Amino acid sequence: MSLAMFVQHFFNALTLGSLYSLIAIGYTMVYGILRLINFAHGDIFMLGAYFVFFGTIAFKLPWLPAVFLAVAASSFAGILVDRIAYRPLRDAPRISALISSIGVSFFIQNLAIVLFTGIPRPVQQPKVLTRIMEFGAVRILPLTLVVPIISFVLVLGLLWIVNKTKPGLAMRAISKDIETTRLMGVSVDKIIALTFGLGSALAAASGIMWALRYPQVHPLMGSFPGFKAFIAAVLGGIGSIQGAMVGGLLLGFIEIMIVAFLPALSGYKDAFAFVLLIIILLVKPTGLMGEKLEEKV
């Protein structure tokens with residue numbers, strides 16, 4: 001493999017890994033606070049992409065306003081899911097909330113099929129993102145660079161909220177002891193709703209960039225990226241934001257490098273991800289960074 005080809009694969013891996021990381025952070029934030037795997041998270045990813053699709057195609061909105069509206073609507077959808085499906089089960093056994101999350105996932109998918117039909121729809125890409133850039137023998141799309149940069153900025157913003165603001169302090173306190181935090185006067189339900197809103201906003205941002213990179217939307221588009229992001233969260237150490245980032249990037253690099261170096265096995269790249277999940281659960285269930293972090297959100 002030439003150096004130029006390797007550089008192209010490197011940026012492709014960085015882009016895919018960044019998208020996985022954004023979704024995985026939503027999983028890890030909810031798990032860090034409620035010890036709940038929110039299987040509906042991948043469907044919020046899908047909704048974000050659809051909202052932009054209809055904003056730009058059906059309502060002729062410019063791209064930037066459509067993106068902001070889609071992220072806000074998806075964030076609200078995440079809060080609504082918590083309010084309807086999870087808050088009534090706060091004091092129930094965890095398995096009840098887990099089953100509820102699976103039910104919500106199927107409900108959103110089928111609702112999307114009814115509303116949008118099951119036919120994949122093409123997404124119009126902004127021309128500025130489709131003009132190939134050449135750096136010597138390396139040819140890449142602007143989107144390949146834009147996705148990691150936007151992802152990095154979003155994660156920095158999230159870390160600032162979690163580590164430097166009062167709601168972030170409340171999130172960290174709830175992740176340690178939800179009852180004691182409630183006794184100290186913190187509105188636990190509002191903080192949990194904020195957590196769902198932030199995680200859903202990141203998932204929507206990832207869904208929008210995913211739809212731009214693989215330019216189509218369909219009601220089940222969140223399923224596999226959602227599963228992969230869950231694997232990434234477990235790989236990095238579920239409950240850790242930094243771990244979710246590392247896990248997502250690592251999974252993205254593994255997938256792309258399998259395609260690059262072992263093209264005969266590229267059809268099994270999804271299977272490799274699930275094998276990786278099994279190995280991690282057997283060898284190091286806490287993930288790569290699960291034991292190093294003192295605070296989990």
# chains A, B, ... in the order shown; residues from 1 in each chain; ligands from 1

call {"tool": "closest_atom_pairs", "arguments": {"of": "stretch 130-192 of chain A", "to": "stretch 15-30 of chain A", "cutoff": "12 Å", "atoms": "only C-alpha atoms", "output": "JSON lines"}}
result
{"residue": "A:Ile140", "atom": "CA", "partner": "A:Thr15", "partner_atom": "CA", "distance": 11.5}
{"residue": "A:Leu141", "atom": "CA", "partner": "A:Thr15", "partner_atom": "CA", "distance": 11.0}
{"residue": "A:Pro142", "atom": "CA", "partner": "A:Thr15", "partner_atom": "CA", "distance": 11.0}
{"residue": "A:Leu143", "atom": "CA", "partner": "A:Thr15", "partner_atom": "CA", "distance": 8.5}
{"residue": "A:Thr144", "atom": "CA", "partner": "A:Thr15", "partner_atom": "CA", "distance": 5.8}
{"residue": "A:Leu145", "atom": "CA", "partner": "A:Thr15", "partner_atom": "CA", "distance": 7.4}
{"residue": "A:Val146", "atom": "CA", "partner": "A:Thr15", "partner_atom": "CA", "distance": 8.5}
{"residue": "A:Val147", "atom": "CA", "partner": "A:Thr15", "partner_atom": "CA", "distance": 5.9}
{"residue": "A:Pro148", "atom": "CA", "partner": "A:Thr15", "partner_atom": "CA", "distance": 5.5}
{"residue": "A:Ile149", "atom": "CA", "partner": "A:Ser18", "partner_atom": "CA", "distance": 8.9}
{"residue": "A:Ile150", "atom": "CA", "partner": "A:Ser18", "partner_atom": "CA", "distance": 9.0}
{"residue": "A:Ser151", "atom": "CA", "partner": "A:Ser18", "partner_atom": "CA", "distance": 6.1}
{"residue": "A:Phe152", "atom": "CA", "partner": "A:Ser18", "partner_atom": "CA", "distance": 7.9}
{"residue": "A:Val153", "atom": "CA", "partner": "A:Leu22", "partner_atom": "CA", "distance": 11.0}
{"residue": "A:Leu154", "atom": "CA", "partner": "A:Leu22", "partner_atom": "CA", "distance": 8.4}
{"residue": "A:Val155", "atom": "CA", "partner": "A:Leu22", "partner_atom": "CA", "distance": 7.6}
{"residue": "A:Leu156", "atom": "CA", "partner": "A:Leu22", "partner_atom": "CA", "distance": 11.4}
{"residue": "A:Leu158", "atom": "CA", "partner": "A:Ile25", "partner_atom": "CA", "distance": 9.6}
{"residue": "A:Leu159", "atom": "CA", "partner": "A:Ile25", "partner_atom": "CA", "distance": 10.8}
{"residue": "A:Val162", "atom": "CA", "partner": "A:Met29", "partner_atom": "CA", "distance": 10.2}
{"residue": "A:Gly168", "atom": "CA", "partner": "A:Met29", "partner_atom": "CA", "distance": 11.2}
{"residue": "A:Met171", "atom": "CA", "partner": "A:Met29", "partner_atom": "CA", "distance": 9.0}
{"residue": "A:Arg172", "atom": "CA", "partner": "A:Met29", "partner_atom": "CA", "distance": 10.0}
{"residue": "A:Ile174", "atom": "CA", "partner": "A:Val30", "partner_atom": "CA", "distance": 11.0}
{"residue": "A:Ser175", "atom": "CA", "partner": "A:Met29", "partner_atom": "CA", "distance": 9.2}
{"residue": "A:Ile191", "atom": "CA", "partner": "A:Val30", "partner_atom": "CA", "distance": 11.0}
{"residue": "A:Ile192", "atom": "CA", "partner": "A:Val30", "partner_atom": "CA", "distance": 8.0}

call {"tool": "closest_atom_pairs", "arguments": {"of": "stretch 17-54 of chain A", "to": "stretch 78-102 of chain A", "cutoff": "10 Å", "atoms": "only C-alpha atoms", "output": "JSON lines"}}
result
{"residue": "A:Leu34", "atom": "CA", "partner": "A:Arg90", "partner_atom": "CA", "distance": 8.5}
{"residue": "A:Arg35", "atom": "CA", "partner": "A:Arg94", "partner_atom": "CA", "distance": 7.8}
{"residue": "A:Leu36", "atom": "CA", "partner": "A:Leu98", "partner_atom": "CA", "distance": 6.4}
{"residue": "A:Ile37", "atom": "CA", "partner": "A:Leu98", "partner_atom": "CA", "distance": 6.4}
{"residue": "A:Asn38", "atom": "CA", "partner": "A:Ser101", "partner_atom": "CA", "distance": 5.5}
{"residue": "A:Phe39", "atom": "CA", "partner": "A:Ser101", "partner_atom": "CA", "distance": 5.3}
{"residue": "A:Ala40", "atom": "CA", "partner": "A:Ser101", "partner_atom": "CA", "distance": 5.8}
{"residue": "A:His41", "atom": "CA", "partner": "A:Gly78", "partner_atom": "CA", "distance": 7.9}
{"residue": "A:Asp43", "atom": "CA", "partner": "A:Gly78", "partner_atom": "CA", "distance": 9.7}
{"residue": "A:Ile44", "atom": "CA", "partner": "A:Gly78", "partner_atom": "CA", "distance": 6.9}

call {"tool": "residues_around", "arguments": {"residues": "A:Phe45", "least_positions_apart": "3", "cutoff": "7 Å", "atoms": "only C-alpha atoms", "output": "list in words"}}
result
His41, Gly42, Gly48, Ala49, Ala203, Ala204, Ser206, Gly207 and Gly222 of chain A

call {"tool": "write_last_selection", "arguments": {"atoms": "N, CA, C and O atoms", "output": "mmCIF file, in the first residue's frame"}}
result
data_model
loop_
_atom_site.group_PDB
_atom_site.id
_atom_site.type_symbol
_atom_site.label_atom_id
_atom_site.label_comp_id
_atom_site.auth_asym_id
_atom_site.auth_seq_id
_atom_site.Cartn_x
_atom_site.Cartn_y
_atom_site.Cartn_z
ATOM 1 N N HIS A 41 -31.273 5.019 21.521
ATOM 2 C CA HIS A 41 -30.332 6.085 21.158
ATOM 3 C C HIS A 41 -30.016 6.084 19.656
ATOM 4 O O HIS A 41 -29.915 7.141 19.035
ATOM 5 N N GLY A 42 -29.858 4.902 19.076
ATOM 6 C CA GLY A 42 -29.578 4.825 17.640
ATOM 7 C C GLY A 42 -30.728 5.374 16.796
ATOM 8 O O GLY A 42 -30.517 5.850 15.678
ATOM 9 N N GLY A 48 -32.429 12.592 13.704
ATOM 10 C CA GLY A 48 -31.640 13.779 13.368
ATOM 11 C C GLY A 48 -31.406 13.893 11.873
ATOM 12 O O GLY A 48 -31.540 14.976 11.278
ATOM 13 N N ALA A 49 -31.065 12.755 11.247
ATOM 14 C CA ALA A 49 -30.831 12.765 9.799
ATOM 15 C C ALA A 49 -32.118 13.075 9.035
ATOM 16 O O ALA A 49 -32.115 13.843 8.065
ATOM 17 N N ALA A 203 -26.036 12.617 19.249
ATOM 18 C CA ALA A 203 -26.449 11.550 18.318
ATOM 19 C C ALA A 203 -27.020 12.151 17.039
ATOM 20 O O ALA A 203 -26.752 11.662 15.931
ATOM 21 N N ALA A 204 -27.809 13.232 17.168
ATOM 22 C CA ALA A 204 -28.380 13.876 15.980
ATOM 23 C C ALA A 204 -27.280 14.479 15.104
ATOM 24 O O ALA A 204 -27.319 14.349 13.876
ATOM 25 N N SER A 206 -24.264 13.447 14.895
ATOM 26 C CA SER A 206 -23.609 12.320 14.232
ATOM 27 C C SER A 206 -24.460 11.785 13.084
ATOM 28 O O SER A 206 -23.949 11.470 12.001
ATOM 29 N N GLY A 207 -25.789 11.702 13.313
ATOM 30 C CA GLY A 207 -26.677 11.205 12.259
ATOM 31 C C GLY A 207 -26.673 12.099 11.025
ATOM 32 O O GLY A 207 -26.705 11.619 9.890
ATOM 33 N N GLY A 222 -30.271 3.834 11.928
ATOM 34 C CA GLY A 222 -29.621 3.989 13.227
ATOM 35 C C GLY A 222 -29.261 2.690 13.910
ATOM 36 O O GLY A 222 -28.525 2.694 14.899
#

call {"tool": "residues_around", "arguments": {"residues": "A:Ile178", "least_positions_apart": "5", "cutoff": "8 Å", "atoms": "only C-alpha atoms", "output": "list in words"}}
result
Ile33, Ala173 and Val188 of chain A

call {"tool": "residues_around", "arguments": {"residues": "stretch 256-264 of chain A", "least_positions_apart": "4", "cutoff": "8 Å", "atoms": "only C-alpha atoms", "output": "ChimeraX atom specification"}}
result
/A:9,12-13,252,269

call {"tool": "closest_residue", "arguments": {"among": "A:Arg121, A:Lys176, A:Lys190, A:Arg182", "to": "A:Tyr50", "atoms": "only C-alpha atoms"}}
result
A:Arg121
